[in-house]
Amino acid sequence: MWQSNRNIGLYYAYKSTKAVEFYRPIMYLYFLSLGLDYTGIAILEGIYNVTTLVSEIPTGYVGDRVGRRNSLLIGTSIITLTLVGIGFAGNFAQLAVLYACWSFGYTFRSGSSDAWLYDTLTDDLSEDRFAHVRGRGQAVALLVGVVGSVLGGYLGNIDLAYPFLVAAGVTGIGVPVLLAMDEPTSYEESESDELGIREAVGVIRETLSNPRLRAFVVYYFVLFSAVSYLVFMYVQPVLETVLPQVGVPKGSVEPILGWFYAAISLLSAGLSYYTGAIRERIGIRTWFLVIPFVVGLGLVTLRFVPVLAIPAFLFARGIAETTRSLASQYVNDRIETLGRATVLSALAMVSSLTVIPFQLGSGLLSDAASPLTALAVAGGVLVVGSLAVLGWESPVKSSTGQRAEAE
């Protein structure tokens with residue numbers, strides 16, 4: 001038990017080094033300052049997701065073969081170096097190469113992080129606490145992100161490249177933290193060295209065709225994830241237009257964005273901290289039957305009342321991590337230890353594939369009309385698509401024959 005608590009403590013420390021909030025408040029403003037337009041930014045995001053598409057399953061497979069911790073180490077090292085490169089980038093071509101490296105680094109972490117945590121909890125027969133512990137870890141990261149967002153906003157007001165360089169330094173601290181972590185016993189006993197390519201493909205095929213997961217994959221990993229990504233893309237350009245309408249001087253936009261992202265982090269941290277309680281009291285089923293419609297309808301209204309972007313973005317971004325934790329709990333409860341990182345990477349690959357047309361279409365629509373129009377269309381797609389999935393079959397089913405699930 002002591003060893004498990006030590007590993008969970010190190011997991012919280014690792015989560016606190018993810019450092020994404022340092023550059024998030026100014027990320028797309030930085031790219032626009034380098035001469036990119038919305039279509040160029042959409043192409044960069046497309047490169048990111050194409051790279052994810054072709055590398056998620058191979059890197060997830062690597063995570064299953066060489067170990068979750070080793071996979072996290074590789075990914076963290078790549079991301080650290082890439083952030084330094086972005087801070088010194090000067091044009092689209094350089095960013096395109098760096099974006100591919102950035103995505104490659106994250107694919108090493110995307111499936112392995114949740115797989116490591118779930119298997120670590122399985123060692124103590126407490127895997128039902130996954131959403132609770134993951135939520136707490138995300139809360140720690142987001143609380144650090146509150147400071148990072150504010151600092152990033154003010155650093156960006158000096159030079160838009162500085163937040164990326166600071167983020168690289170913080171991310172690099174994750175390397176010694178990961179070196180101190182242990183591999184879960186359940187992983188070491190899972191005969192992972194016998195997981196060949198054919199077996200891995202079979203595990204993925206079985207998972208995606210599982211009647212208890214197939215509708216959920218479309219509902220969350222396709223529709224909701226794609227639209228959430230667009231919200232992430234357009235927060236900064238939309239608020240750069242909306243904030244002056246509520247009295248914010250144009251020269252103060254970057255610091256205000258830092259404070260706004262800090263507010264998002266605070267809300268997200270509070271919700272993430274109580275992810276376990278949300279699962280027990282509200283239930284995964286109720287959460288996923290309500291949230292996509294609230295987000296979708298909120299985005300549609302932006303086309304008519306732009307100032308609502310402030311509360312709409314705060315809500316959509318604030319619930320994102322809690323929703324991701326609940327989705328991970330739902331999926332992890334229905335897959336086995338052997339091949340777990342491969343399956344989670346495959347689901348991330350599905351998201352990356354489907355978000356590409358969303359990104360490119362939204363970029364073209366934003367340049368032709370406005371980002372608000374693109375987001376309104378995306379919100380409509382989310383609502384209509386969610387209704388279509390519900391008409392097909394329920395995306396969140398009971399855990400018959402599996403571990404009990406709080407509803």
# chains A, B, ... in the order shown; residues from 1 in each chain; ligands from 1

$ residues_around --residues "A:Ile86" --least-positions-apart "3" --cutoff "7 Å" --atoms "only C-alpha atoms" --output "JSON, numbers by chain"
{"A": [82, 83, 89, 95, 98, 164]}

$ closest_residue --among "A:Tyr261, A:Trp392, A:Phe130, A:Phe104" --to "A:Tyr219" --atoms "only C-alpha atoms"
A:Trp392

$ residues_around --residues "A:Ala131" --least-positions-apart "6" --cutoff "12 Å" --atoms "only C-alpha atoms" --output "PDB file with all heavy atoms, in the first residue's frame"
ATOM      1  N   ASP A 114      -2.937   6.995 -18.768  1.00  0.00           N
ATOM      2  CA  ASP A 114      -4.127   6.386 -18.170  1.00  0.00           C
ATOM      3  C   ASP A 114      -3.919   4.894 -17.935  1.00  0.00           C
ATOM      4  O   ASP A 114      -4.412   4.339 -16.942  1.00  0.00           O
ATOM      5  CB  ASP A 114      -5.342   6.611 -19.066  1.00  0.00           C
ATOM      6  CG  ASP A 114      -5.890   8.032 -18.956  1.00  0.00           C
ATOM      7  OD1 ASP A 114      -5.418   8.777 -18.078  1.00  0.00           O
ATOM      8  OD2 ASP A 114      -6.777   8.398 -19.748  1.00  0.00           O
ATOM      9  N   LEU A 117      -1.877   4.487 -14.729  1.00  0.00           N
ATOM     10  CA  LEU A 117      -2.670   4.763 -13.537  1.00  0.00           C
ATOM     11  C   LEU A 117      -3.672   3.650 -13.260  1.00  0.00           C
ATOM     12  O   LEU A 117      -3.791   3.178 -12.116  1.00  0.00           O
ATOM     13  CB  LEU A 117      -3.403   6.099 -13.689  1.00  0.00           C
ATOM     14  CG  LEU A 117      -4.339   6.477 -12.538  1.00  0.00           C
ATOM     15  CD1 LEU A 117      -3.567   6.566 -11.224  1.00  0.00           C
ATOM     16  CD2 LEU A 117      -5.048   7.797 -12.830  1.00  0.00           C
ATOM     17  N   TYR A 118      -4.381   3.203 -14.285  1.00  0.00           N
ATOM     18  CA  TYR A 118      -5.405   2.172 -14.073  1.00  0.00           C
ATOM     19  C   TYR A 118      -4.763   0.878 -13.573  1.00  0.00           C
ATOM     20  O   TYR A 118      -5.266   0.235 -12.644  1.00  0.00           O
ATOM     21  CB  TYR A 118      -6.176   1.918 -15.368  1.00  0.00           C
ATOM     22  CG  TYR A 118      -7.497   1.214 -15.160  1.00  0.00           C
ATOM     23  CD1 TYR A 118      -8.663   1.944 -14.932  1.00  0.00           C
ATOM     24  CD2 TYR A 118      -7.593  -0.168 -15.192  1.00  0.00           C
ATOM     25  CE1 TYR A 118      -9.878   1.316 -14.732  1.00  0.00           C
ATOM     26  CE2 TYR A 118      -8.797  -0.809 -14.992  1.00  0.00           C
ATOM     27  CZ  TYR A 118      -9.944  -0.061 -14.769  1.00  0.00           C
ATOM     28  OH  TYR A 118     -11.146  -0.702 -14.578  1.00  0.00           O
ATOM     29  N   LEU A 121      -3.638   1.172  -9.905  1.00  0.00           N
ATOM     30  CA  LEU A 121      -4.777   1.020  -8.996  1.00  0.00           C
ATOM     31  C   LEU A 121      -5.265  -0.427  -8.963  1.00  0.00           C
ATOM     32  O   LEU A 121      -5.744  -0.911  -7.929  1.00  0.00           O
ATOM     33  CB  LEU A 121      -5.913   1.954  -9.424  1.00  0.00           C
ATOM     34  CG  LEU A 121      -5.618   3.448  -9.270  1.00  0.00           C
ATOM     35  CD1 LEU A 121      -6.718   4.285  -9.915  1.00  0.00           C
ATOM     36  CD2 LEU A 121      -5.471   3.830  -7.797  1.00  0.00           C
ATOM     37  N   GLY A 137      -5.502  14.200  -9.896  1.00  0.00           N
ATOM     38  CA  GLY A 137      -4.265  14.524 -10.587  1.00  0.00           C
ATOM     39  C   GLY A 137      -4.438  15.680 -11.555  1.00  0.00           C
ATOM     40  O   GLY A 137      -3.589  16.571 -11.646  1.00  0.00           O
ATOM     41  N   GLN A 138      -5.559  15.668 -12.253  1.00  0.00           N
ATOM     42  CA  GLN A 138      -5.824  16.752 -13.179  1.00  0.00           C
ATOM     43  C   GLN A 138      -6.065  18.054 -12.432  1.00  0.00           C
ATOM     44  O   GLN A 138      -5.698  19.137 -12.900  1.00  0.00           O
ATOM     45  CB  GLN A 138      -7.036  16.414 -14.055  1.00  0.00           C
ATOM     46  CG  GLN A 138      -7.196  17.290 -15.277  1.00  0.00           C
ATOM     47  CD  GLN A 138      -5.981  17.220 -16.197  1.00  0.00           C
ATOM     48  OE1 GLN A 138      -5.371  16.171 -16.354  1.00  0.00           O
ATOM     49  NE2 GLN A 138      -5.626  18.341 -16.793  1.00  0.00           N
ATOM     50  N   ALA A 139      -6.683  17.959 -11.251  1.00  0.00           N
ATOM     51  CA  ALA A 139      -6.906  19.156 -10.438  1.00  0.00           C
ATOM     52  C   ALA A 139      -5.578  19.775 -10.030  1.00  0.00           C
ATOM     53  O   ALA A 139      -5.412  20.999 -10.050  1.00  0.00           O
ATOM     54  CB  ALA A 139      -7.735  18.804  -9.203  1.00  0.00           C
ATOM     55  N   LEU A 271     -13.900  20.972 -10.632  1.00  0.00           N
ATOM     56  CA  LEU A 271     -14.681  19.853 -11.143  1.00  0.00           C
ATOM     57  C   LEU A 271     -13.855  18.566 -11.167  1.00  0.00           C
ATOM     58  O   LEU A 271     -14.353  17.490 -10.820  1.00  0.00           O
ATOM     59  CB  LEU A 271     -15.196  20.174 -12.554  1.00  0.00           C
ATOM     60  CG  LEU A 271     -16.280  21.247 -12.653  1.00  0.00           C
ATOM     61  CD1 LEU A 271     -16.561  21.585 -14.111  1.00  0.00           C
ATOM     62  CD2 LEU A 271     -17.566  20.783 -11.966  1.00  0.00           C
ATOM     63  N   SER A 272     -12.587  18.676 -11.579  1.00  0.00           N
ATOM     64  CA  SER A 272     -11.728  17.497 -11.639  1.00  0.00           C
ATOM     65  C   SER A 272     -11.510  16.897 -10.252  1.00  0.00           C
ATOM     66  O   SER A 272     -11.482  15.674 -10.086  1.00  0.00           O
ATOM     67  CB  SER A 272     -10.372  17.861 -12.270  1.00  0.00           C
ATOM     68  OG  SER A 272     -10.518  18.219 -13.618  1.00  0.00           O
ATOM     69  N   TYR A 273     -11.347  17.758  -9.239  1.00  0.00           N
ATOM     70  CA  TYR A 273     -11.141  17.273  -7.876  1.00  0.00           C
ATOM     71  C   TYR A 273     -12.314  16.432  -7.407  1.00  0.00           C
ATOM     72  O   TYR A 273     -12.139  15.455  -6.668  1.00  0.00           O
ATOM     73  CB  TYR A 273     -10.940  18.471  -6.939  1.00  0.00           C
ATOM     74  CG  TYR A 273     -10.551  18.090  -5.531  1.00  0.00           C
ATOM     75  CD1 TYR A 273      -9.223  17.815  -5.214  1.00  0.00           C
ATOM     76  CD2 TYR A 273     -11.507  17.999  -4.520  1.00  0.00           C
ATOM     77  CE1 TYR A 273      -8.862  17.458  -3.930  1.00  0.00           C
ATOM     78  CE2 TYR A 273     -11.152  17.642  -3.233  1.00  0.00           C
ATOM     79  CZ  TYR A 273      -9.821  17.377  -2.933  1.00  0.00           C
ATOM     80  OH  TYR A 273      -9.463  17.013  -1.655  1.00  0.00           O
ATOM     81  N   TYR A 274     -13.502  16.781  -7.864  1.00  0.00           N
ATOM     82  CA  TYR A 274     -14.706  16.053  -7.444  1.00  0.00           C
ATOM     83  C   TYR A 274     -15.224  15.112  -8.528  1.00  0.00           C
ATOM     84  O   TYR A 274     -16.402  14.760  -8.548  1.00  0.00           O
ATOM     85  CB  TYR A 274     -15.805  17.044  -7.053  1.00  0.00           C
ATOM     86  CG  TYR A 274     -15.510  17.774  -5.762  1.00  0.00           C
ATOM     87  CD1 TYR A 274     -15.096  19.105  -5.776  1.00  0.00           C
ATOM     88  CD2 TYR A 274     -15.608  17.123  -4.534  1.00  0.00           C
ATOM     89  CE1 TYR A 274     -14.804  19.776  -4.594  1.00  0.00           C
ATOM     90  CE2 TYR A 274     -15.321  17.785  -3.354  1.00  0.00           C
ATOM     91  CZ  TYR A 274     -14.914  19.114  -3.385  1.00  0.00           C
ATOM     92  OH  TYR A 274     -14.630  19.769  -2.214  1.00  0.00           O
ATOM     93  N   THR A 275     -14.324  14.675  -9.439  1.00  0.00           N
ATOM     94  CA  THR A 275     -14.757  13.761 -10.495  1.00  0.00           C
ATOM     95  C   THR A 275     -15.373  12.498  -9.917  1.00  0.00           C
ATOM     96  O   THR A 275     -16.397  12.000 -10.412  1.00  0.00           O
ATOM     97  CB  THR A 275     -13.566  13.389 -11.406  1.00  0.00           C
ATOM     98  OG1 THR A 275     -13.056  14.574 -12.017  1.00  0.00           O
ATOM     99  CG2 THR A 275     -14.006  12.422 -12.500  1.00  0.00           C
ATOM    100  N   GLY A 276     -14.747  11.954  -8.867  1.00  0.00           N
ATOM    101  CA  GLY A 276     -15.298  10.748  -8.240  1.00  0.00           C
ATOM    102  C   GLY A 276     -16.695  10.982  -7.687  1.00  0.00           C
ATOM    103  O   GLY A 276     -17.588  10.146  -7.843  1.00  0.00           O
ATOM    104  N   ALA A 277     -16.895  12.129  -7.051  1.00  0.00           N
ATOM    105  CA  ALA A 277     -18.211  12.448  -6.506  1.00  0.00           C
ATOM    106  C   ALA A 277     -19.234  12.654  -7.618  1.00  0.00           C
ATOM    107  O   ALA A 277     -20.399  12.248  -7.498  1.00  0.00           O
ATOM    108  CB  ALA A 277     -18.126  13.704  -5.638  1.00  0.00           C
ATOM    109  N   ILE A 278     -18.798  13.276  -8.724  1.00  0.00           N
ATOM    110  CA  ILE A 278     -19.697  13.462  -9.870  1.00  0.00           C
ATOM    111  C   ILE A 278     -20.120  12.117 -10.416  1.00  0.00           C
ATOM    112  O   ILE A 278     -21.294  11.892 -10.742  1.00  0.00           O
ATOM    113  CB  ILE A 278     -18.998  14.300 -10.960  1.00  0.00           C
ATOM    114  CG1 ILE A 278     -18.845  15.750 -10.479  1.00  0.00           C
ATOM    115  CG2 ILE A 278     -19.773  14.261 -12.275  1.00  0.00           C
ATOM    116  CD1 ILE A 278     -17.986  16.612 -11.389  1.00  0.00           C
ATOM    117  N   ARG A 279     -19.181  11.198 -10.510  1.00  0.00           N
ATOM    118  CA  ARG A 279     -19.498   9.854 -11.008  1.00  0.00           C
ATOM    119  C   ARG A 279     -20.505   9.157 -10.108  1.00  0.00           C
ATOM    120  O   ARG A 279     -21.424   8.476 -10.592  1.00  0.00           O
ATOM    121  CB  ARG A 279     -18.208   9.035 -11.089  1.00  0.00           C
ATOM    122  CG  ARG A 279     -18.420   7.593 -11.547  1.00  0.00           C
ATOM    123  CD  ARG A 279     -17.076   6.898 -11.740  1.00  0.00           C
ATOM    124  NE  ARG A 279     -17.282   5.508 -12.102  1.00  0.00           N
ATOM    125  CZ  ARG A 279     -17.007   4.477 -11.321  1.00  0.00           C
ATOM    126  NH1 ARG A 279     -16.515   4.690 -10.108  1.00  0.00           N
ATOM    127  NH2 ARG A 279     -17.218   3.244 -11.724  1.00  0.00           N
ATOM    128  N   GLU A 280     -20.347   9.316  -8.790  1.00  0.00           N
ATOM    129  CA  GLU A 280     -21.227   8.627  -7.858  1.00  0.00           C
ATOM    130  C   GLU A 280     -22.599   9.281  -7.745  1.00  0.00           C
ATOM    131  O   GLU A 280     -23.618   8.589  -7.656  1.00  0.00           O
ATOM    132  CB  GLU A 280     -20.562   8.594  -6.479  1.00  0.00           C
ATOM    133  CG  GLU A 280     -19.297   7.740  -6.417  1.00  0.00           C
ATOM    134  CD  GLU A 280     -18.536   7.916  -5.121  1.00  0.00           C
ATOM    135  OE1 GLU A 280     -19.035   8.686  -4.255  1.00  0.00           O
ATOM    136  OE2 GLU A 280     -17.459   7.319  -4.977  1.00  0.00           O
ATOM    137  N   GLY A 283     -23.606  10.429 -12.057  1.00  0.00           N
ATOM    138  CA  GLY A 283     -23.536   9.240 -12.894  1.00  0.00           C
ATOM    139  C   GLY A 283     -22.962   9.542 -14.269  1.00  0.00           C
ATOM    140  O   GLY A 283     -23.210  10.604 -14.845  1.00  0.00           O
ATOM    141  N   ILE A 284     -22.187   8.611 -14.771  1.00  0.00           N
ATOM    142  CA  ILE A 284     -21.581   8.779 -16.087  1.00  0.00           C
ATOM    143  C   ILE A 284     -22.651   8.903 -17.161  1.00  0.00           C
ATOM    144  O   ILE A 284     -22.546   9.731 -18.075  1.00  0.00           O
ATOM    145  CB  ILE A 284     -20.634   7.595 -16.392  1.00  0.00           C
ATOM    146  CG1 ILE A 284     -19.429   7.635 -15.446  1.00  0.00           C
ATOM    147  CG2 ILE A 284     -20.169   7.632 -17.847  1.00  0.00           C
ATOM    148  CD1 ILE A 284     -18.452   6.493 -15.629  1.00  0.00           C
ATOM    149  N   GLU A 321     -11.868  18.428 -18.953  1.00  0.00           N
ATOM    150  CA  GLU A 321     -11.030  17.420 -18.304  1.00  0.00           C
ATOM    151  C   GLU A 321     -11.855  16.434 -17.490  1.00  0.00           C
ATOM    152  O   GLU A 321     -11.561  15.239 -17.459  1.00  0.00           O
ATOM    153  CB  GLU A 321      -9.974  18.093 -17.416  1.00  0.00           C
ATOM    154  CG  GLU A 321      -8.894  18.812 -18.195  1.00  0.00           C
ATOM    155  CD  GLU A 321      -8.112  17.875 -19.108  1.00  0.00           C
ATOM    156  OE1 GLU A 321      -8.054  16.655 -18.815  1.00  0.00           O
ATOM    157  OE2 GLU A 321      -7.565  18.357 -20.107  1.00  0.00           O
ATOM    158  N   THR A 322     -12.894  16.916 -16.819  1.00  0.00           N
ATOM    159  CA  THR A 322     -13.764  16.010 -16.078  1.00  0.00           C
ATOM    160  C   THR A 322     -14.440  15.036 -17.028  1.00  0.00           C
ATOM    161  O   THR A 322     -14.548  13.830 -16.743  1.00  0.00           O
ATOM    162  CB  THR A 322     -14.827  16.806 -15.299  1.00  0.00           C
ATOM    163  OG1 THR A 322     -14.168  17.654 -14.355  1.00  0.00           O
ATOM    164  CG2 THR A 322     -15.770  15.877 -14.558  1.00  0.00           C
ATOM    165  N   THR A 323     -14.884  15.541 -18.163  1.00  0.00           N
ATOM    166  CA  THR A 323     -15.514  14.681 -19.165  1.00  0.00           C
ATOM    167  C   THR A 323     -14.530  13.644 -19.676  1.00  0.00           C
ATOM    168  O   THR A 323     -14.879  12.469 -19.848  1.00  0.00           O
ATOM    169  CB  THR A 323     -16.045  15.531 -20.340  1.00  0.00           C
ATOM    170  OG1 THR A 323     -16.920  16.536 -19.826  1.00  0.00           O
ATOM    171  CG2 THR A 323     -16.798  14.681 -21.345  1.00  0.00           C
ATOM    172  N   ARG A 324     -13.280  14.054 -19.890  1.00  0.00           N
ATOM    173  CA  ARG A 324     -12.261  13.116 -20.354  1.00  0.00           C
ATOM    174  C   ARG A 324     -11.985  12.041 -19.302  1.00  0.00           C
ATOM    175  O   ARG A 324     -11.814  10.861 -19.639  1.00  0.00           O
ATOM    176  CB  ARG A 324     -10.980  13.879 -20.698  1.00  0.00           C
ATOM    177  CG  ARG A 324      -9.926  13.023 -21.364  1.00  0.00           C
ATOM    178  CD  ARG A 324      -8.710  13.849 -21.799  1.00  0.00           C
ATOM    179  NE  ARG A 324      -9.077  14.769 -22.868  1.00  0.00           N
ATOM    180  CZ  ARG A 324      -9.029  16.088 -22.763  1.00  0.00           C
ATOM    181  NH1 ARG A 324      -8.633  16.647 -21.627  1.00  0.00           N
ATOM    182  NH2 ARG A 324      -9.356  16.855 -23.779  1.00  0.00           N
ATOM    183  N   SER A 325     -11.944  12.424 -18.039  1.00  0.00           N
ATOM    184  CA  SER A 325     -11.708  11.448 -16.966  1.00  0.00           C
ATOM    185  C   SER A 325     -12.848  10.431 -16.889  1.00  0.00           C
ATOM    186  O   SER A 325     -12.616   9.224 -16.728  1.00  0.00           O
ATOM    187  CB  SER A 325     -11.564  12.164 -15.622  1.00  0.00           C
ATOM    188  OG  SER A 325     -10.386  12.934 -15.575  1.00  0.00           O
ATOM    189  N   LEU A 326     -14.074  10.904 -16.985  1.00  0.00           N
ATOM    190  CA  LEU A 326     -15.223   9.998 -16.934  1.00  0.00           C
ATOM    191  C   LEU A 326     -15.243   9.075 -18.145  1.00  0.00           C
ATOM    192  O   LEU A 326     -15.588   7.891 -18.033  1.00  0.00           O
ATOM    193  CB  LEU A 326     -16.522  10.806 -16.852  1.00  0.00           C
ATOM    194  CG  LEU A 326     -16.730  11.592 -15.554  1.00  0.00           C
ATOM    195  CD1 LEU A 326     -17.958  12.488 -15.659  1.00  0.00           C
ATOM    196  CD2 LEU A 326     -16.862  10.645 -14.365  1.00  0.00           C
ATOM    197  N   ALA A 327     -14.853   9.610 -19.310  1.00  0.00           N
ATOM    198  CA  ALA A 327     -14.788   8.770 -20.510  1.00  0.00           C
ATOM    199  C   ALA A 327     -13.713   7.695 -20.351  1.00  0.00           C
ATOM    200  O   ALA A 327     -13.911   6.536 -20.738  1.00  0.00           O
ATOM    201  CB  ALA A 327     -14.505   9.633 -21.736  1.00  0.00           C
ATOM    202  N   SER A 328     -12.564   8.070 -19.768  1.00  0.00           N
ATOM    203  CA  SER A 328     -11.488   7.097 -19.553  1.00  0.00           C
ATOM    204  C   SER A 328     -11.912   6.010 -18.584  1.00  0.00           C
ATOM    205  O   SER A 328     -11.588   4.832 -18.768  1.00  0.00           O
ATOM    206  CB  SER A 328     -10.233   7.814 -19.033  1.00  0.00           C
ATOM    207  OG  SER A 328      -9.689   8.668 -20.007  1.00  0.00           O
ATOM    208  N   GLN A 329     -12.629   6.387 -17.529  1.00  0.00           N
ATOM    209  CA  GLN A 329     -13.133   5.390 -16.587  1.00  0.00           C
ATOM    210  C   GLN A 329     -14.063   4.416 -17.296  1.00  0.00           C
ATOM    211  O   GLN A 329     -13.955   3.189 -17.144  1.00  0.00           O
ATOM    212  CB  GLN A 329     -13.887   6.071 -15.440  1.00  0.00           C
ATOM    213  CG  GLN A 329     -14.536   5.108 -14.442  1.00  0.00           C
ATOM    214  CD  GLN A 329     -13.546   4.584 -13.424  1.00  0.00           C
ATOM    215  OE1 GLN A 329     -13.026   5.347 -12.617  1.00  0.00           O
ATOM    216  NE2 GLN A 329     -13.280   3.287 -13.455  1.00  0.00           N
ATOM    217  N   TYR A 330     -14.977   4.948 -18.096  1.00  0.00           N
ATOM    218  CA  TYR A 330     -15.958   4.124 -18.800  1.00  0.00           C
ATOM    219  C   TYR A 330     -15.268   3.120 -19.727  1.00  0.00           C
ATOM    220  O   TYR A 330     -15.618   1.935 -19.762  1.00  0.00           O
ATOM    221  CB  TYR A 330     -16.904   5.017 -19.601  1.00  0.00           C
ATOM    222  CG  TYR A 330     -18.026   4.266 -20.279  1.00  0.00           C
ATOM    223  CD1 TYR A 330     -19.148   3.853 -19.566  1.00  0.00           C
ATOM    224  CD2 TYR A 330     -17.950   3.967 -21.633  1.00  0.00           C
ATOM    225  CE1 TYR A 330     -20.179   3.163 -20.186  1.00  0.00           C
ATOM    226  CE2 TYR A 330     -18.975   3.272 -22.264  1.00  0.00           C
ATOM    227  CZ  TYR A 330     -20.084   2.879 -21.540  1.00  0.00           C
ATOM    228  OH  TYR A 330     -21.094   2.176 -22.168  1.00  0.00           O
ATOM    229  N   VAL A 331     -14.265   3.598 -20.468  1.00  0.00           N
ATOM    230  CA  VAL A 331     -13.572   2.715 -21.415  1.00  0.00           C
ATOM    231  C   VAL A 331     -12.684   1.719 -20.680  1.00  0.00           C
ATOM    232  O   VAL A 331     -12.694   0.518 -20.983  1.00  0.00           O
ATOM    233  CB  VAL A 331     -12.744   3.547 -22.416  1.00  0.00           C
ATOM    234  CG1 VAL A 331     -11.858   2.636 -23.267  1.00  0.00           C
ATOM    235  CG2 VAL A 331     -13.665   4.365 -23.312  1.00  0.00           C
ATOM    236  N   ASN A 332     -11.909   2.197 -19.696  1.00  0.00           N
ATOM    237  CA  ASN A 332     -10.990   1.306 -18.982  1.00  0.00           C
ATOM    238  C   ASN A 332     -11.702   0.169 -18.281  1.00  0.00           C
ATOM    239  O   ASN A 332     -11.160  -0.933 -18.157  1.00  0.00           O
ATOM    240  CB  ASN A 332     -10.162   2.111 -17.972  1.00  0.00           C
ATOM    241  CG  ASN A 332      -8.883   2.662 -18.569  1.00  0.00           C
ATOM    242  OD1 ASN A 332      -7.991   1.899 -18.950  1.00  0.00           O
ATOM    243  ND2 ASN A 332      -8.781   3.967 -18.670  1.00  0.00           N
ATOM    244  N   ASP A 333     -12.914   0.424 -17.812  1.00  0.00           N
ATOM    245  CA  ASP A 333     -13.682  -0.623 -17.151  1.00  0.00           C
ATOM    246  C   ASP A 333     -14.063  -1.747 -18.105  1.00  0.00           C
ATOM    247  O   ASP A 333     -14.489  -2.819 -17.662  1.00  0.00           O
ATOM    248  CB  ASP A 333     -14.965  -0.043 -16.538  1.00  0.00           C
ATOM    249  CG  ASP A 333     -14.698   0.690 -15.232  1.00  0.00           C
ATOM    250  OD1 ASP A 333     -13.604   0.516 -14.671  1.00  0.00           O
ATOM    251  OD2 ASP A 333     -15.590   1.426 -14.771  1.00  0.00           O
ATOM    252  N   GLU A 405     -20.535  -0.141 -12.024  1.00  0.00           N
ATOM    253  CA  GLU A 405     -20.330   1.246 -12.391  1.00  0.00           C
ATOM    254  C   GLU A 405     -21.365   2.106 -11.672  1.00  0.00           C
ATOM    255  O   GLU A 405     -22.542   1.778 -11.664  1.00  0.00           O
ATOM    256  CB  GLU A 405     -20.483   1.420 -13.909  1.00  0.00           C
ATOM    257  CG  GLU A 405     -20.484   2.858 -14.333  1.00  0.00           C
ATOM    258  CD  GLU A 405     -20.729   2.984 -15.843  1.00  0.00           C
ATOM    259  OE1 GLU A 405     -20.020   2.319 -16.598  1.00  0.00           O
ATOM    260  OE2 GLU A 405     -21.634   3.711 -16.226  1.00  0.00           O
ATOM    261  N   ALA A 406     -20.914   3.193 -11.072  1.00  0.00           N
ATOM    262  CA  ALA A 406     -21.825   4.078 -10.377  1.00  0.00           C
ATOM    263  C   ALA A 406     -22.681   4.812 -11.390  1.00  0.00           C
ATOM    264  O   ALA A 406     -22.184   5.393 -12.330  1.00  0.00           O
ATOM    265  CB  ALA A 406     -21.047   5.097  -9.524  1.00  0.00           C
TER     266      ALA A 406
END

$ closest_residue --among "A:Pro58, A:Gly172, A:Pro184, A:Gly270" --to "A:Ile79" --atoms "only C-alpha atoms"
A:Gly172

$ select_by_dssp --residues "stretch 294-356 of chain A" --states "helix (DSSP H, G or I)" --output "JSON, numbers by chain"
{"A": [294, 295, 296, 297, 298, 299, 300, 301, 302, 306, 307, 308, 309, 310, 311, 312, 313, 314, 315, 316, 317, 318, 320, 321, 322, 323, 324, 325, 326, 327, 328, 329, 330, 331, 332, 340, 341, 342, 343, 344, 345, 346, 347, 348, 349, 350, 351, 352, 353, 354, 355, 356]}

$ write_last_selection --atoms "C-alpha atoms" --output "compact mmCIF listing (two decimals), in the first residue's frame"
# COMPACT_ATOMS: atom_id res chain seq x y z
CA VAL A 294 -25.41 22.09 -23.36
CA VAL A 295 -22.10 22.70 -25.17
CA GLY A 296 -23.63 22.40 -28.64
CA LEU A 297 -26.52 24.77 -27.98
CA GLY A 298 -24.19 27.22 -26.26
CA LEU A 299 -21.98 27.40 -29.35
CA VAL A 300 -24.97 27.94 -31.65
CA THR A 301 -26.07 30.98 -29.63
CA LEU A 302 -22.67 32.68 -30.16
CA PRO A 306 -21.20 37.08 -29.41
CA VAL A 307 -20.62 38.31 -25.84
CA LEU A 308 -21.93 34.97 -24.60
CA ALA A 309 -18.61 33.56 -25.78
CA ILE A 310 -17.14 34.42 -22.37
CA PRO A 311 -19.43 32.14 -20.29
CA ALA A 312 -19.78 29.59 -23.11
CA PHE A 313 -16.01 29.11 -23.43
CA LEU A 314 -15.60 29.07 -19.66
CA PHE A 315 -18.12 26.24 -19.40
CA ALA A 316 -16.97 24.23 -22.45
CA ARG A 317 -13.31 24.35 -21.45
CA GLY A 318 -14.05 23.98 -17.73
CA ALA A 320 -13.43 19.20 -20.68
CA GLU A 321 -11.03 17.42 -18.30
CA THR A 322 -13.76 16.01 -16.08
CA THR A 323 -15.51 14.68 -19.16
CA ARG A 324 -12.26 13.12 -20.35
CA SER A 325 -11.71 11.45 -16.97
CA LEU A 326 -15.22 10.00 -16.93
CA ALA A 327 -14.79 8.77 -20.51
CA SER A 328 -11.49 7.10 -19.55
CA GLN A 329 -13.13 5.39 -16.59
CA TYR A 330 -15.96 4.12 -18.80
CA VAL A 331 -13.57 2.71 -21.42
CA ASN A 332 -10.99 1.31 -18.98
CA ARG A 340 -4.62 -1.35 -22.68
CA ALA A 341 -2.27 1.40 -23.91
CA THR A 342 -2.73 0.21 -27.49
CA VAL A 343 -6.53 0.42 -27.23
CA LEU A 344 -6.49 3.86 -25.58
CA SER A 345 -4.12 5.09 -28.29
CA ALA A 346 -6.44 3.66 -30.94
CA LEU A 347 -9.34 5.66 -29.51
CA ALA A 348 -7.18 8.80 -29.54
CA MET A 349 -6.40 7.97 -33.18
CA VAL A 350 -10.12 7.82 -33.96
CA SER A 351 -10.48 11.34 -32.52
CA SER A 352 -7.53 12.58 -34.53
CA LEU A 353 -8.93 11.17 -37.77
CA THR A 354 -12.39 12.65 -37.38
CA VAL A 355 -11.25 16.08 -36.17
CA ILE A 356 -9.23 16.76 -39.34
